[in-house]
Amino acid sequence: MMACMAACCGARGEAVGPMAALMQRYVAAMVLSGVGDALGFNNEQWEFCKSGELIQAELRKLGGLRQLDVSAWKVSDDTVMHLATAQAWRPRGRGHAEQLYDRLSREYLHSLTDMTDRAPGLTCMNAINLLKPGHPDGWKIPFNPKGGGCGAAMRAMCIGLRFPHPDELDKLIEVAVESGRMSHHHPTGYLGSVAAALFTAYAVNGKPAVSWGKGLMEVLDKAKNYVEKADHYSAKNLAAWSYFEDQWNKYLQERGIVDGVSKPTFPKQYGVLERDTFYTSISYAGWGGASGHDAPMIAYDAILGSGNSWEELCNRGVFHGGDSDSTGAIAAAWWGAMYGFDKVPISNYKGLEYRDRLEILARKLFHLSHPNSCSSDKEGSVAGSFL
């Protein structure tokens with residue numbers, strides 16, 4: 001025990017060394033997710049733009065990414081709802097999943113009070129208004145044949161921060177599914193939540209990005225088993241299951257990474273125009289990133305093609321035609337979980353709206369998921385708890 005304290009704690013009981021670096025990556029995952037959202041949103045100007053070329057031309061007029069000061073750029077509904085997900089966990093005590101889901105439903109309902117000028121999706125808002133926190137099963141809503149949008153995926157990255165350990169995979173799946181279908185009760189929607197959470201956990205653990213897709217395909221079987229056993233509109237869910245799985249199989253074949261070890265292959269010419277064309281081709285209805293399958297897919301494509309370059313990550317995952325704030329929020333969270341704030345211009349995140357809240361919640365999630373990291377003891381966290 002003393003050896004552990006010496007390895008991970010400073011004189012004040014704060015995490016140092018590897019644990020401090022890991023906590024910083026947690027902070028970066030939450031904060032940079034907000035940055036990716038704000039940049040892709042650009043106060044409603046870029047989220048609804050169909051042309052990546054136009055977006056990048058306007059970016060150059062602003063002096064380029066490295067000159068951008070985000071202090072005047074609002075975050076969208078994506079970050080507001082990501083905050084809501086992260087706020088649902090409590091720092092003390094052992095609890096049941098139903099208690100977490102009731103709090104999630106309360107947080108999601110409360111988030112609706114902060115949607116002015118943030119362009120929330122109607123499907124998401126209408127579904128959230130069906131939630132009845134405080135009532136038995138008040139966090140459950142009916143199956144929605146049109147619930148395949150990206151609104152569940154865009155707010156699920158923090159689930160991977162809360163359950164990063166391999167032995168917590170079942171909990172990650174369950175929470176990602178149930179939190180996701182509080183607004184998007186369709187597998188195309190809530191499986192996007194599973195992918196966003198899972199890939200965040202992979203990023204935290206340093207799992208090679210090329211293997212993430214293969215890991216997802218293996219996890220989908222576990223998610224399917226959970227949905228079947230949960231028996232909440234299971235027949236309708238299973239009937240609509242194949243689209244998400246089929247689209248991801250096609251993508252992994254396109255990139256040549258079905259085996260999880262091969263180097264991804266990209267077209268020789270894969271600039272902004274070519275990326276827009278490809279993102280549109282994998283979309284559900286011609287709007288890249290708007291659905292639960294393609295928002296994390298585009299974010300993953302950006303991760304695979306950008307390495308440790310923040311600028312290239314943004315070029316590929318944020319500054320494109322389509323639902324750029326959602327793909328940006330997801331991709332930037334994964335990138336932050338991998339690389340922290342390395343070489344990210346301070347102006348890109350210093351004045352970010354809700355930065356303080358994002359940092360506080362990142363630290364809380366770190367302590368909850370790593371209860372042996374010294375200062376976690378002060379939080380009273382319990383490993384393995386849903387809370």
# chains A, B, ... in the order shown; residues from 1 in each chain; ligands from 1

$ closest_atom_pairs --of "stretch 297-342 of chain A" --to "stretch 48-72 of chain A" --cutoff "6 Å" --atoms "only C-alpha atoms" --output "CSV"
residue,atom,partner,partner_atom,distance
A:Phe319,CA,A:Gly52,CA,5.9
A:His320,CA,A:Gly52,CA,3.9
A:Gly321,CA,A:Lys50,CA,4.1
A:Gly322,CA,A:Lys50,CA,5.3

$ residues_around --residues "stretch 168-181 of chain A" --least-positions-apart "5" --cutoff "9 Å" --atoms "only C-alpha atoms" --output "PyMOL selection string"
chain A and resi 85+97+100-101+104-105+139-143+147+151-153+155-156+159-160+162-163+186-187+189-198+219+222-223+226-227+384+386

$ closest_residue --among "A:Trp287, A:Cys158, A:Tyr202, A:Met23" --to "A:Gln87" --atoms "only C-alpha atoms"
A:Cys158

$ atom_distance --atom1 "atom CA of A:Met217" --atom2 "atom CA of A:Tyr26"
25.3 Å

$ atom_distance --atom1 "atom CA of A:Gln24" --atom2 "atom CA of A:Asn348"
16.6 Å

$ residues_around --residues "A:Pro145" --least-positions-apart "6" --cutoff "10 Å" --atoms "only C-alpha atoms" --output "list in words"
His184, His185, His186, Pro187, Thr188, Lys236, Asn237 and Ala240 of chain A

$ residues_around --residues "A:Tyr108" --least-positions-apart "6" --cutoff "8 Å" --atoms "only C-alpha atoms" --output "PyMOL selection string"
chain A and resi 81+84-85+128

$ atom_distance --atom1 "atom CA of A:Asp301" --atom2 "atom CA of A:Asp325"
15.3 Å

$ residues_around --residues "A:Val75" --least-positions-apart "2" --cutoff "7 Å" --atoms "only C-alpha atoms" --output "ChimeraX atom specification"
/A:34,37-38,73,77,79,118,353

$ closest_residue --among "A:Asn225, A:Ala20, A:Gly271, A:Asp167" --to "A:His367" --atoms "only C-alpha atoms"
A:Ala20

$ residues_around --residues "stretch 289-296 of chain A" --least-positions-apart "5" --cutoff "6 Å" --atoms "only C-alpha atoms" --output "ChimeraX atom specification"
/A:148-150,188-189,192,244,283,323,327

$ write_last_selection --atoms "C-alpha atoms" --output "PDB file, in the first residue's frame"
ATOM      1  CA  GLY A 148     -31.405   6.354 -35.653  1.00  0.00           C
ATOM      2  CA  GLY A 149     -29.811   9.803 -35.368  1.00  0.00           C
ATOM      3  CA  CYS A 150     -26.461  10.678 -33.792  1.00  0.00           C
ATOM      4  CA  THR A 188     -28.795   2.591 -35.345  1.00  0.00           C
ATOM      5  CA  GLY A 189     -29.013   5.358 -32.756  1.00  0.00           C
ATOM      6  CA  GLY A 192     -23.624   4.783 -31.909  1.00  0.00           C
ATOM      7  CA  PHE A 244     -25.576  -0.582 -38.076  1.00  0.00           C
ATOM      8  CA  SER A 283     -24.499   8.356 -44.471  1.00  0.00           C
ATOM      9  CA  ASP A 323     -23.056  17.116 -39.027  1.00  0.00           C
ATOM     10  CA  THR A 327     -18.308  14.126 -35.453  1.00  0.00           C
TER      11      THR A 327
END

$ residues_around --residues "A:Asp114" --least-positions-apart "3" --cutoff "8 Å" --atoms "only C-alpha atoms" --output "MDAnalysis selection string"
chainID A and resid 80 110:111

$ select_by_dssp --residues "stretch 206-320 of chain A" --states "helix (DSSP H, G or I)" --output "ChimeraX atom specification"
/A:209-230,234-239,242-255,272-281,294-306,310-317
